[in-house]
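Undergrad: This is the content of work_11.pdb (PDB, C-alpha atoms):
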```pdb
MODEL        1
ATOM      1  CA  MET A 202       1.414  20.313  10.778
ATOM      2  CA  ARG A 203       0.558  16.965  12.284
ATOM      3  CA  HIS A 204      -0.173  16.464  15.965
ATOM      4  CA  TYR A 205       1.230  13.276  17.380
ATOM      5  CA  VAL A 206      -0.455  11.361  20.176
ATOM      6  CA  ASP A 207       1.011   8.634  22.359
ATOM      7  CA  LEU A 208      -2.158   7.052  23.638
ATOM      8  CA  HIS A 209      -0.524   4.618  26.045
ATOM      9  CA  ILE A 210       2.173   5.133  28.634
ATOM     10  CA  ARG A 211       2.222   3.011  31.774
ATOM     11  CA  PRO A 212       4.283   4.727  34.470
ATOM     12  CA  SER A 213       4.687   3.082  37.872
ATOM     13  CA  SER A 214       4.098   6.256  39.894
ATOM     14  CA  SER A 215       2.690   9.776  39.547
ATOM     15  CA  GLU A 216       6.231  11.235  39.708
ATOM     16  CA  GLN A 217       7.342   9.004  36.871
ATOM     17  CA  ALA A 218       4.165   9.936  34.984
ATOM     18  CA  LEU A 219       5.204  13.595  35.062
ATOM     19  CA  GLU A 220       8.715  12.713  33.897
ATOM     20  CA  MET A 221       7.266  10.693  31.005
ATOM     21  CA  VAL A 222       4.782  13.413  30.050
ATOM     22  CA  ASN A 223       7.620  15.957  29.918
ATOM     23  CA  LEU A 224       9.700  13.562  27.846
ATOM     24  CA  ALA A 225       6.764  12.996  25.479
ATOM     25  CA  HIS A 226       6.702  16.740  24.851
ATOM     26  CA  ARG A 227      10.439  16.767  24.088
ATOM     27  CA  LEU A 228       9.963  13.827  21.703
ATOM     28  CA  GLY A 229       7.374  15.789  19.721
ATOM     29  CA  TYR A 230       3.978  14.639  21.022
ATOM     30  CA  THR A 231       1.139  17.066  21.689
ATOM     31  CA  ASN A 232      -1.077  14.626  23.633
ATOM     32  CA  VAL A 233      -0.197  11.699  25.826
ATOM     33  CA  ALA A 234      -2.485   9.265  27.638
ATOM     34  CA  SER A 235      -1.189   7.944  30.928
ATOM     35  CA  THR A 236      -2.537   5.209  33.169
ATOM     36  CA  LYS A 237      -1.307   7.225  36.200
ATOM     37  CA  SER A 238      -2.096  10.896  36.766
ATOM     38  CA  PRO A 239       1.066  13.015  36.752
ATOM     39  CA  THR A 240       1.880  14.976  39.928
ATOM     40  CA  GLY A 241       2.286  18.266  38.076
ATOM     41  CA  THR A 242       1.329  19.821  34.773
ATOM     42  CA  ASN A 243       3.118  20.813  31.608
ATOM     43  CA  ASP A 244       1.426  23.593  29.616
ATOM     44  CA  LYS A 245       2.995  22.487  26.349
ATOM     45  CA  ILE A 246       1.443  19.020  26.238
ATOM     46  CA  THR A 247      -1.996  17.662  27.083
ATOM     47  CA  ALA A 248      -1.941  14.745  29.500
ATOM     48  CA  VAL A 249      -5.019  12.572  29.115
ATOM     49  CA  THR A 250      -6.324  10.106  31.681
ATOM     50  CA  ARG A 251      -6.575   6.500  30.639
ATOM     51  CA  VAL A 252      -7.508   3.236  32.311
ATOM     52  CA  ASP A 253      -6.639  -0.291  31.196
ATOM     53  CA  ILE A 254      -9.362  -2.595  32.454
ATOM     54  CA  GLU A 255      -8.233  -6.153  33.072
ATOM     55  CA  ALA A 256     -11.496  -7.926  33.881
ATOM     56  CA  ARG A 257     -11.778 -11.703  34.113
ATOM     57  CA  ARG A 258     -15.518 -11.891  33.419
ATOM     58  CA  GLY A 259     -18.061  -9.946  31.372
ATOM     59  CA  LYS A 260     -19.954  -8.855  34.475
ATOM     60  CA  GLU A 261     -16.756  -7.578  36.095
ATOM     61  CA  LEU A 262     -16.048  -5.573  32.926
ATOM     62  CA  VAL A 263     -19.503  -3.981  32.956
ATOM     63  CA  ASP A 264     -19.036  -2.947  36.602
ATOM     64  CA  ASP A 265     -15.609  -1.436  35.850
ATOM     65  CA  LEU A 266     -16.972   0.454  32.836
ATOM     66  CA  LYS A 267     -19.743   1.910  34.974
ATOM     67  CA  ARG A 268     -17.133   3.059  37.492
ATOM     68  CA  TYR A 269     -14.645   4.631  35.070
ATOM     69  CA  ARG A 270     -16.526   5.976  32.041
ATOM     70  CA  ARG A 271     -17.240   9.442  33.390
ATOM     71  CA  ARG A 272     -13.929   9.730  35.199
ATOM     72  CA  VAL A 273     -11.365   9.040  32.474
ATOM     73  CA  GLU A 274     -10.983  10.135  28.864
ATOM     74  CA  VAL A 275      -9.776   6.854  27.377
ATOM     75  CA  ILE A 276     -10.890   3.355  28.343
ATOM     76  CA  ALA A 277      -8.990   0.342  27.067
ATOM     77  CA  VAL A 278      -9.916  -3.246  27.783
ATOM     78  CA  ARG A 279      -7.268  -5.939  27.874
ATOM     79  CA  CYS A 280      -9.027  -9.029  26.612
ATOM     80  CA  TYR A 281      -7.762 -12.029  28.557
ATOM     81  CA  SER A 282     -10.761 -14.173  27.617
ATOM     82  CA  LYS A 283     -13.200 -14.487  24.745
ATOM     83  CA  GLU A 284     -16.059 -13.578  27.067
ATOM     84  CA  VAL A 285     -14.448 -10.252  27.998
ATOM     85  CA  ALA A 286     -13.420  -9.593  24.390
ATOM     86  CA  ARG A 287     -16.988 -10.081  23.127
ATOM     87  CA  GLN A 288     -18.419  -7.886  25.863
ATOM     88  CA  ALA A 289     -15.861  -5.156  25.153
ATOM     89  CA  ALA A 290     -16.585  -5.341  21.425
ATOM     90  CA  LYS A 291     -20.297  -4.708  22.074
ATOM     91  CA  ASP A 292     -20.029  -1.999  24.720
ATOM     92  CA  ASP A 293     -20.079   1.617  23.536
ATOM     93  CA  ARG A 294     -18.164   2.800  26.597
ATOM     94  CA  VAL A 295     -15.017   1.032  25.402
ATOM     95  CA  ASP A 296     -12.545   2.980  23.234
ATOM     96  CA  ILE A 297      -9.730   0.542  22.685
ATOM     97  CA  LEU A 298      -9.334  -3.219  22.534
ATOM     98  CA  LEU A 299      -6.044  -4.614  23.739
ATOM     99  CA  PHE A 300      -4.937  -8.215  23.585
ATOM    100  CA  PRO A 301      -2.388  -9.896  25.917
ATOM    101  CA  ASP A 302       1.313  -9.032  25.493
ATOM    102  CA  ASP A 303       2.357 -12.598  26.066
ATOM    103  CA  PRO A 304       2.311 -14.680  22.854
ATOM    104  CA  ALA A 305       1.321 -17.787  24.864
ATOM    105  CA  GLN A 306      -1.871 -16.054  26.081
ATOM    106  CA  ARG A 307      -2.439 -14.439  22.720
ATOM    107  CA  LYS A 308      -2.648 -17.882  21.176
ATOM    108  CA  HIS A 309      -6.139 -18.198  22.673
ATOM    109  CA  ASN A 310      -7.247 -14.546  22.516
ATOM    110  CA  TRP A 311      -6.887 -12.574  19.356
ATOM    111  CA  LEU A 312      -8.932 -10.391  17.039
ATOM    112  CA  ASP A 313     -10.901 -13.051  15.196
ATOM    113  CA  HIS A 314     -13.496 -12.379  12.507
ATOM    114  CA  HIS A 315     -16.482 -12.750  14.891
ATOM    115  CA  GLU A 316     -14.923 -10.201  17.231
ATOM    116  CA  ALA A 317     -14.114  -7.907  14.316
ATOM    117  CA  GLU A 318     -17.705  -8.063  13.035
ATOM    118  CA  LEU A 319     -18.922  -6.799  16.408
ATOM    119  CA  VAL A 320     -16.357  -3.989  16.452
ATOM    120  CA  GLU A 321     -16.788  -2.951  12.815
ATOM    121  CA  GLY A 322     -18.348   0.481  12.369
ATOM    122  CA  THR A 323     -18.429   1.284  16.089
ATOM    123  CA  GLY A 324     -15.319   3.513  16.171
ATOM    124  CA  ARG A 325     -13.649   1.297  18.748
ATOM    125  CA  ALA A 326      -9.985   0.826  17.935
ATOM    126  CA  TYR A 327      -7.476  -1.991  18.022
ATOM    127  CA  GLU A 328      -4.202  -0.998  19.679
ATOM    128  CA  VAL A 329      -0.654  -2.027  18.826
ATOM    129  CA  ASN A 330       1.917  -1.303  21.527
ATOM    130  CA  ALA A 331       5.406  -0.680  20.194
ATOM    131  CA  SER A 332       6.768  -2.010  23.504
ATOM    132  CA  ASP A 333       5.707  -5.479  22.330
ATOM    133  CA  LEU A 334       8.145  -5.096  19.446
ATOM    134  CA  LEU A 335      11.086  -4.270  21.690
ATOM    135  CA  ALA A 336      11.656  -7.886  22.649
ATOM    136  CA  THR A 337      15.177  -9.061  23.324
ATOM    137  CA  SER A 338      14.867 -12.548  21.909
ATOM    138  CA  PRO A 339      14.530 -12.901  18.118
ATOM    139  CA  THR A 340      12.312 -15.990  18.408
ATOM    140  CA  TYR A 341       9.977 -14.230  20.840
ATOM    141  CA  LEU A 342       9.839 -11.211  18.537
ATOM    142  CA  ALA A 343       9.059 -13.431  15.558
ATOM    143  CA  LYS A 344       6.074 -14.897  17.455
ATOM    144  CA  VAL A 345       4.818 -11.419  18.399
ATOM    145  CA  ILE A 346       5.124 -10.169  14.809
ATOM    146  CA  THR A 347       3.235 -13.184  13.431
ATOM    147  CA  GLN A 348       0.386 -12.742  15.913
ATOM    148  CA  LEU A 349       0.130  -8.972  15.459
ATOM    149  CA  LYS A 350       0.124  -9.290  11.678
ATOM    150  CA  ARG A 351      -2.686 -11.855  11.898
ATOM    151  CA  ASP A 352      -4.752  -9.395  13.946
ATOM    152  CA  LEU A 353      -3.938  -6.459  11.674
ATOM    153  CA  VAL A 354      -5.124  -8.323   8.585
ATOM    154  CA  VAL A 355      -8.508  -8.894  10.275
ATOM    155  CA  ALA A 356      -8.699  -5.297  11.553
ATOM    156  CA  MET A 357      -7.963  -3.846   8.118
ATOM    157  CA  ARG A 358     -10.446  -6.156   6.398
ATOM    158  CA  HIS A 359     -13.176  -4.923   8.755
ATOM    159  CA  ASP A 360     -12.095  -1.248   8.628
ATOM    160  CA  ILE A 361     -11.352  -1.180  12.344
ATOM    161  CA  PRO A 362      -9.254   1.860  13.311
ATOM    162  CA  ILE A 363      -5.766   0.907  14.499
ATOM    163  CA  VAL A 364      -3.856   2.922  17.077
ATOM    164  CA  LEU A 365      -0.104   2.711  17.445
ATOM    165  CA  SER A 366       1.171   3.582  20.936
ATOM    166  CA  SER A 367       4.439   3.215  22.768
ATOM    167  CA  GLY A 368       3.016   1.219  25.696
ATOM    168  CA  ALA A 369       6.103   2.449  27.548
ATOM    169  CA  MET A 370       6.526   1.530  31.211
ATOM    170  CA  THR A 371       9.709   3.571  31.711
ATOM    171  CA  PRO A 372      11.057   6.790  30.167
ATOM    172  CA  LEU A 373      13.744   4.796  28.337
ATOM    173  CA  ALA A 374      11.077   2.775  26.527
ATOM    174  CA  MET A 375       9.508   5.888  25.017
ATOM    175  CA  ARG A 376      10.269   6.613  21.365
ATOM    176  CA  GLU A 377       9.839   9.610  19.081
ATOM    177  CA  PRO A 378       6.906   9.492  16.585
ATOM    178  CA  ARG A 379       9.082   8.565  13.610
ATOM    179  CA  ALA A 380      10.687   5.743  15.568
ATOM    180  CA  LEU A 381       7.237   4.312  16.273
ATOM    181  CA  THR A 382       6.259   4.495  12.606
ATOM    182  CA  ALA A 383       9.591   2.872  11.709
ATOM    183  CA  LEU A 384       8.849   0.018  14.120
ATOM    184  CA  ALA A 385       5.520  -0.421  12.318
ATOM    185  CA  SER A 386       7.557  -1.464   9.274
ATOM    186  CA  LEU A 387       8.148  -4.757  11.114
ATOM    187  CA  LEU A 388       4.407  -5.365  10.700
ATOM    188  CA  ASP A 389       4.490  -4.403   6.988
ATOM    189  CA  ILE A 390       2.550  -1.214   7.665
ATOM    190  CA  GLU A 391       3.236   1.549   5.186
ATOM    191  CA  GLU A 392       4.693   4.738   6.618
ATOM    192  CA  GLU A 393       1.769   6.998   5.694
ATOM    193  CA  TYR A 394      -0.701   4.616   7.309
ATOM    194  CA  ALA A 395       1.520   4.297  10.390
ATOM    195  CA  VAL A 396       1.635   8.083  10.744
ATOM    196  CA  ASP A 397      -2.186   8.161  10.784
ATOM    197  CA  MET A 398      -2.096   5.514  13.519
ATOM    198  CA  ILE A 399      -0.269   7.914  15.854
ATOM    199  CA  SER A 400      -2.028  11.116  14.805
ATOM    200  CA  LYS A 401      -5.451  11.042  13.114
ATOM    201  CA  VAL A 402      -6.840   7.848  14.670
ATOM    202  CA  PRO A 403      -6.073   8.678  18.335
ATOM    203  CA  ASP A 404      -7.110  12.289  17.716
ATOM    204  CA  VAL A 405     -10.578  11.112  16.640
ATOM    205  CA  ILE A 406     -10.911   8.997  19.816
ATOM    206  CA  LEU A 407      -9.863  11.891  22.062
ATOM    207  CA  GLU A 408     -12.127  14.388  20.344
ATOM    208  CA  ARG A 409     -15.120  12.041  20.518
ATOM    209  CA  ASN A 410     -14.635  11.388  24.223
ATOM    210  CA  ARG A 411     -14.017  15.010  25.107
ATOM    211  CA  SER A 412     -17.230  16.075  23.444
ATOM    212  CA  LYS A 413     -19.081  13.252  25.259
ATOM    213  CA  LEU A 414     -17.638  14.333  28.610
ATOM    214  CA  ARG A 415     -18.536  17.970  27.878
ATOM    215  CA  GLU A 416     -22.147  16.962  27.126
ATOM    216  CA  GLU A 417     -22.368  15.052  30.398
ATOM    217  CA  GLU A 418     -21.097  17.981  32.470
ATOM    218  CA  PRO A 419     -23.918  19.576  34.504
TER     219      PRO A 419
ATOM    220  CA  MET B 233      27.787  11.582 -18.018
ATOM    221  CA  PRO B 234      28.987  11.047 -14.453
ATOM    222  CA  VAL B 235      27.276   8.173 -12.700
ATOM    223  CA  ARG B 236      26.593   8.548  -9.020
ATOM    224  CA  GLY B 237      27.163   5.609  -6.744
ATOM    225  CA  VAL B 238      24.787   4.377  -4.077
ATOM    226  CA  ARG B 239      22.694   7.122  -2.496
ATOM    227  CA  ARG B 240      23.060   7.350   1.252
ATOM    228  CA  ARG B 241      21.267   8.787   4.268
ATOM    229  CA  TYR B 242      23.093  10.057   7.318
ATOM    230  CA  LEU B 243      21.365   9.969  10.708
ATOM    231  CA  LEU B 244      22.461  11.934  13.747
ATOM    232  CA  PHE B 245      21.493  10.063  16.887
ATOM    233  CA  ASN B 246      21.810  10.564  20.592
ATOM    234  CA  VAL B 247      22.168   7.799  23.156
ATOM    235  CA  ILE B 248      20.176   8.321  26.338
ATOM    236  CA  GLY B 249      21.125   6.280  29.389
ATOM    237  CA  GLU B 250      22.805   6.429  32.760
ATOM    238  CA  HIS B 251      26.116   4.811  31.832
ATOM    239  CA  SER B 252      28.483   5.943  29.104
ATOM    240  CA  THR B 253      29.294   3.463  26.371
ATOM    241  CA  VAL B 254      32.216   3.046  24.027
ATOM    242  CA  GLU B 255      32.019   3.430  20.248
ATOM    243  CA  LYS B 256      32.753  -0.250  19.587
ATOM    244  CA  ALA B 257      29.852  -1.390  21.769
ATOM    245  CA  ILE B 258      27.512   1.112  20.100
ATOM    246  CA  TRP B 259      28.481  -0.095  16.636
ATOM    247  CA  GLU B 260      28.123  -3.789  17.535
ATOM    248  CA  THR B 261      24.714  -3.188  19.113
ATOM    249  CA  ILE B 262      23.382  -1.327  16.071
ATOM    250  CA  ARG B 263      24.722  -3.954  13.673
ATOM    251  CA  ASP B 264      23.241  -6.795  15.764
ATOM    252  CA  SER B 265      19.896  -5.001  15.944
ATOM    253  CA  VAL B 266      19.672  -4.710  12.147
ATOM    254  CA  LEU B 267      20.734  -8.347  11.857
ATOM    255  CA  THR B 268      18.093  -9.482  14.371
ATOM    256  CA  LEU B 269      15.252  -7.582  12.734
ATOM    257  CA  TYR B 270      16.086  -8.001   9.048
ATOM    258  CA  GLY B 271      18.618 -10.850   8.785
ATOM    259  CA  SER B 272      21.834 -11.035   6.794
ATOM    260  CA  LYS B 273      20.228  -9.895   3.559
ATOM    261  CA  GLY B 274      18.668  -6.937   5.328
ATOM    262  CA  LEU B 275      22.014  -6.044   6.870
ATOM    263  CA  SER B 276      23.608  -5.967   3.441
ATOM    264  CA  LEU B 277      20.746  -3.843   2.072
ATOM    265  CA  VAL B 278      20.846  -1.352   4.940
ATOM    266  CA  ASP B 279      24.662  -1.409   4.861
ATOM    267  CA  PRO B 280      24.993   0.545   8.127
ATOM    268  CA  ASN B 281      28.256   2.266   8.917
ATOM    269  CA  LEU B 282      28.995   4.178  12.100
ATOM    270  CA  ILE B 283      30.793   7.278  10.872
ATOM    271  CA  GLU B 284      31.576   8.678  14.295
ATOM    272  CA  TYR B 285      30.492   8.546  17.917
ATOM    273  CA  ASN B 286      31.394  11.067  20.565
ATOM    274  CA  GLU B 287      31.491   9.385  23.957
ATOM    275  CA  GLU B 288      31.250  12.707  25.793
ATOM    276  CA  THR B 289      28.217  14.189  24.042
ATOM    277  CA  ARG B 290      26.818  10.721  23.222
ATOM    278  CA  ASN B 291      26.003  11.916  19.711
ATOM    279  CA  GLY B 292      26.815   9.785  16.729
ATOM    280  CA  ILE B 293      26.403   9.749  12.968
ATOM    281  CA  ILE B 294      25.429   6.580  11.189
ATOM    282  CA  ARG B 295      25.048   5.981   7.486
ATOM    283  CA  CYS B 296      22.682   3.694   5.590
ATOM    284  CA  THR B 297      21.488   3.311   2.015
ATOM    285  CA  HIS B 298      18.910   5.837   0.872
ATOM    286  CA  ASP B 299      15.847   3.587   0.695
ATOM    287  CA  THR B 300      16.453   1.703   3.952
ATOM    288  CA  GLU B 301      16.344   4.645   6.352
ATOM    289  CA  ARG B 302      13.123   3.338   7.882
ATOM    290  CA  PHE B 303      14.753  -0.037   8.578
ATOM    291  CA  LEU B 304      17.672   1.628  10.324
ATOM    292  CA  ARG B 305      15.324   3.825  12.361
ATOM    293  CA  ALA B 306      13.392   0.710  13.447
ATOM    294  CA  SER B 307      16.636  -1.020  14.371
ATOM    295  CA  LEU B 308      17.770   1.951  16.456
ATOM    296  CA  ALA B 309      14.346   2.204  18.090
ATOM    297  CA  SER B 310      14.372  -1.453  19.078
ATOM    298  CA  ILE B 311      17.658  -1.192  20.993
ATOM    299  CA  MET B 312      16.981  -1.452  24.734
ATOM    300  CA  ASN B 313      20.505  -1.857  26.103
ATOM    301  CA  VAL B 314      24.162  -1.605  25.196
ATOM    302  CA  SER B 315      26.577  -3.959  26.987
ATOM    303  CA  GLY B 316      23.884  -4.670  29.563
ATOM    304  CA  SER B 317      23.099  -1.084  30.523
ATOM    305  CA  PRO B 318      19.662   0.272  29.553
ATOM    306  CA  VAL B 319      19.669   2.936  26.838
ATOM    307  CA  ALA B 320      17.436   4.537  24.227
ATOM    308  CA  PHE B 321      18.517   5.813  20.825
ATOM    309  CA  LYS B 322      16.942   9.012  19.615
ATOM    310  CA  VAL B 323      17.366  10.086  15.998
ATOM    311  CA  GLN B 324      17.684  13.854  15.962
ATOM    312  CA  ARG B 325      18.230  14.703  12.313
ATOM    313  CA  THR B 326      18.787  13.067   8.938
ATOM    314  CA  SER B 327      20.375  14.299   5.759
ATOM    315  CA  GLY B 328      21.510  13.128   2.335
ATOM    316  CA  THR B 329      25.076  14.304   2.857
ATOM    317  CA  ILE B 330      27.290  14.287   5.888
ATOM    318  CA  LYS B 331      28.367  17.854   5.150
ATOM    319  CA  ALA B 332      24.764  19.113   5.267
ATOM    320  CA  LEU B 333      24.101  17.146   8.450
ATOM    321  CA  ARG B 334      27.084  18.745  10.176
ATOM    322  CA  LYS B 335      26.003  22.168   8.932
ATOM    323  CA  LYS B 336      22.400  21.759  10.137
ATOM    324  CA  THR B 337      23.383  20.480  13.561
ATOM    325  CA  GLY B 338      26.556  22.473  14.112
ATOM    326  CA  ILE B 339      28.620  19.362  14.740
ATOM    327  CA  GLU B 340      32.236  19.836  13.773
ATOM    328  CA  LYS B 341      34.255  17.265  11.919
ATOM    329  CA  PRO B 342      36.476  15.455  14.434
ATOM    330  CA  LYS B 343      40.129  16.348  14.020
ATOM    331  CA  LYS B 344      42.441  13.509  13.178
ATOM    332  CA  GLU B 345      44.947  12.683  15.856
ATOM    333  CA  VAL B 346      48.473  13.157  14.614
ATOM    334  CA  ASP B 347      51.139  10.807  15.939
ATOM    335  CA  LYS B 348      54.070  12.738  17.250
TER     336      LYS B 348
ENDMDL
END
```
Mind turning the file's structure into structure tokens?
TA:
Amino acid sequence: MRHYVDLHIRPSSSEQALEMVNLAHRLGYTNVASTKSPTGTNDKITAVTRVDIEARRGKELVDDLKRYRRRVEVIAVRCYSKEVARQAAKDDRVDILLFPDDPAQRKHNWLDHHEAELVEGTGRAYEVNASDLLATSPTYLAKVITQLKRDLVVAMRHDIPIVLSSGAMTPLAMREPRALTALASLLDIEEEYAVDMISKVPDVILERNRSKLREEEP
Amino acid sequence: MPVRGVRRRYLLFNVIGEHSTVEKAIWETIRDSVLTLYGSKGLSLVDPNLIEYNEETRNGIIRCTHDTERFLRASLASIMNVSGSPVAFKVQRTSGTIKALRKKTGIEKPKKEVDK
């Protein structure tokens, strides 16, 4: 039986984090990565700590990585500039590369071939947030789909692992695993591949980081 | 030899949200979502049809063509609100026949209202 992982929820408070972790369990996930630590625990699901670093400069990113790497299980870097994107692509402490949600900002920052060459073979993953596909305006959605598909072509050509997450900021934005894989059809991703994106690929990232953290424990 | 018509899939869904919504609004939202994501041709291919919606339990059954189930799931997943109130659609079960879906989920066929 497959284990599903939602590697990205973004609750606004610790109370909401617990509510979303509980909901993730009811939706069928076995692991969930939250940017806020939940106030309580749920024995039936593993809540993983995650940080989304939003650095403006390469130096700032390096400082943040130094601060967080031993404290959280998953580190994602939102690449708002080429400088940060290149630094994140080269740094082994980074697990996931994220690009801006806003299509206007994404116009200047995307997964280009130079970036992909740096990431290739490192195990760092490119993340697609399903929340980006829940746009209300059809024209906005069309822009998002075009830009994501452009990135996915590059990622697949360079064998970069791709993670599919909900990116949910509220409980109502969370979706069951099959709904996420269905949304991936908007990006022309085959179902089997999409299922791997919410199970095998994030599982590998979690396992790798857990073993690293275990090694570092005194 | 008997020839079977179009094969269908039946999806049982539940609407999660604070406010209750009427069947008409649910149907229009689903139809518009398919239309937004896949266009007119996609809508004709998916051929969605809301079989029933219970406003009390917020469970509904919707039908689509057999090979477009994934499109309908994506359309349901992309719905964020109905008539302005925030909601989420959760597909609970699917089946090839409505009879089997009712049997698996224990949902009874709604009784027809008889005019007196």
Undergrad: I need the output of the PyMOL selection byres ((chain A) within 8 of (chain B)) for this file as an MDAnalysis selection string; which residues are they?
TA: chainID A and resid 334:337 339 373:374 376:377 379:381 383:384 386:387
Undergrad: Produce a file of the selected residues containing C-alpha atoms, as a compact mmCIF listing (two decimals), keeping the file's coordinate frame.
TA:
```
# COMPACT_ATOMS: atom_id res chain seq x y z
CA LEU A 334 8.14 -5.10 19.45
CA LEU A 335 11.09 -4.27 21.69
CA ALA A 336 11.66 -7.89 22.65
CA THR A 337 15.18 -9.06 23.32
CA PRO A 339 14.53 -12.90 18.12
CA LEU A 373 13.74 4.80 28.34
CA ALA A 374 11.08 2.78 26.53
CA ARG A 376 10.27 6.61 21.36
CA GLU A 377 9.84 9.61 19.08
CA ARG A 379 9.08 8.56 13.61
CA ALA A 380 10.69 5.74 15.57
CA LEU A 381 7.24 4.31 16.27
CA ALA A 383 9.59 2.87 11.71
CA LEU A 384 8.85 0.02 14.12
CA SER A 386 7.56 -1.46 9.27
CA LEU A 387 8.15 -4.76 11.11
```
Undergrad: Which residue gives the smallest distance to Thr329 in chain B among B:Leu282, B:Ile262, B:Cys296, B:Leu275, with all atoms listed in the file counted?
TA: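 Checking each of B:Leu282, B:Ile262, B:Cys296, B:Leu275 against Thr329 in chain B, counting all atoms listed in the file, the winner is B:Cys296.
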Undergrad: Taking the file as I've supplied it (selection: the PyMOL selection byres ((chain A and resi 332) around 7)), which residues are included? Please answer as a PyMOL selection string.
TA: chain A and resi 330-331+333-335+367-369
Undergrad: What does the distance from CA of Asp244 in chain A to CA of His204 in chain A come to in Å, to one decimal?
TA: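 Value for the CA of Asp244 in chain A-CA of His204 in chain A distance: 15.5 Å.
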Undergrad: I need the output of the PyMOL selection byres ((chain A and resi 276) around 7) for this file as a PyMOL selection string; which residues are they?
TA: chain A and resi 251-253+274-275+277-278+295-297
Undergrad: Just give me the gap between CA of Val254 in chain B and CA of Ser338 in chain A in Å, one decimal is fine.
TA: 23.4 Å
Undergrad: Using all atoms listed in the file, give me every residue within 12 Å of (-2.5, 7.2, 10.5) in file coordinates, as a list in words.
TA: Arg203, His204, Tyr205, Val206, Pro362, Ile363, Val364, Leu365, Ser366, Pro378, Leu381, Thr382, Ala385, Ile390, Glu391, Glu392, Glu393, Tyr394, Ala395, Val396, Asp397, Met398, Ile399, Ser400, Lys401, Val402, Pro403, Asp404 and Val405 of chain A
Undergrad: With all atoms listed in the file as the basis for distance, which of A:Gly259, A:Gly241, A:Gly324, A:Pro304 is at the shortest distance from Ala218 in chain A?
TA: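 Closest residue, counting all atoms listed in the file: A:Gly241.
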Undergrad: Could you check how far CA of Ala289 in chain A sits from CA of Thr347 in chain A, in Å to one decimal?
TA: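 Spanning CA of Ala289 in chain A to CA of Thr347 in chain A is a straight-line distance of 23.8 Å.
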Undergrad: So for range 329-344 of chain B, what box centre and size do we get, axis-aligned, 4 Å extra on each of the six sides, every listed atom, Å to one decimal, as JSON?
TA:
```
{"center_x": 32.4, "center_y": 18.0, "center_z": 8.8, "size_x": 28.0, "size_y": 17.0, "size_z": 19.9}
```
Undergrad: Do you know which residues are at most 9 Å from Lys283 in chain A counting only C-alpha atoms, after dropping those on the same chain fewer than 6 positions away, and could you put them as number ranges by chain?
TA: A: 309-311, 316
Undergrad: Within 9 Å of Glu255 in chain B, counting all atoms listed in the file, which residues qualify if same-chain residues fewer than 3 places away don't, as a PyMOL selection string?
TA: chain B and resi 258-260+282+284-287+292
Undergrad: Fewer than 6 positions away in the same chain doesn't count, so skip those; otherwise give me all residues within 6 Å of Asn232 in chain A, counting only C-alpha atoms, as a list in words.
TA: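 These residues fall inside the cut-off: Val206, Ile246, Thr247 and Ala248 of chain A.
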Undergrad: Check the smallest atom-to-atom distance from each of A:Asn223, A:Ser235, A:Thr250, A:Ser215 to Tyr269 in chain A using all atoms listed in the file, then report the winner.
TA: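 Closest to Tyr269 in chain A, using all atoms listed in the file: A:Thr250.
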Undergrad: For range 336-338 of chain B, find every residue with an atom within 12 Å (counting all atoms listed in the file), except residues of its own chain fewer than 2 positions away, and show them as a PyMOL selection string.
TA: chain B and resi 243-245+291-293+324-334+340-341
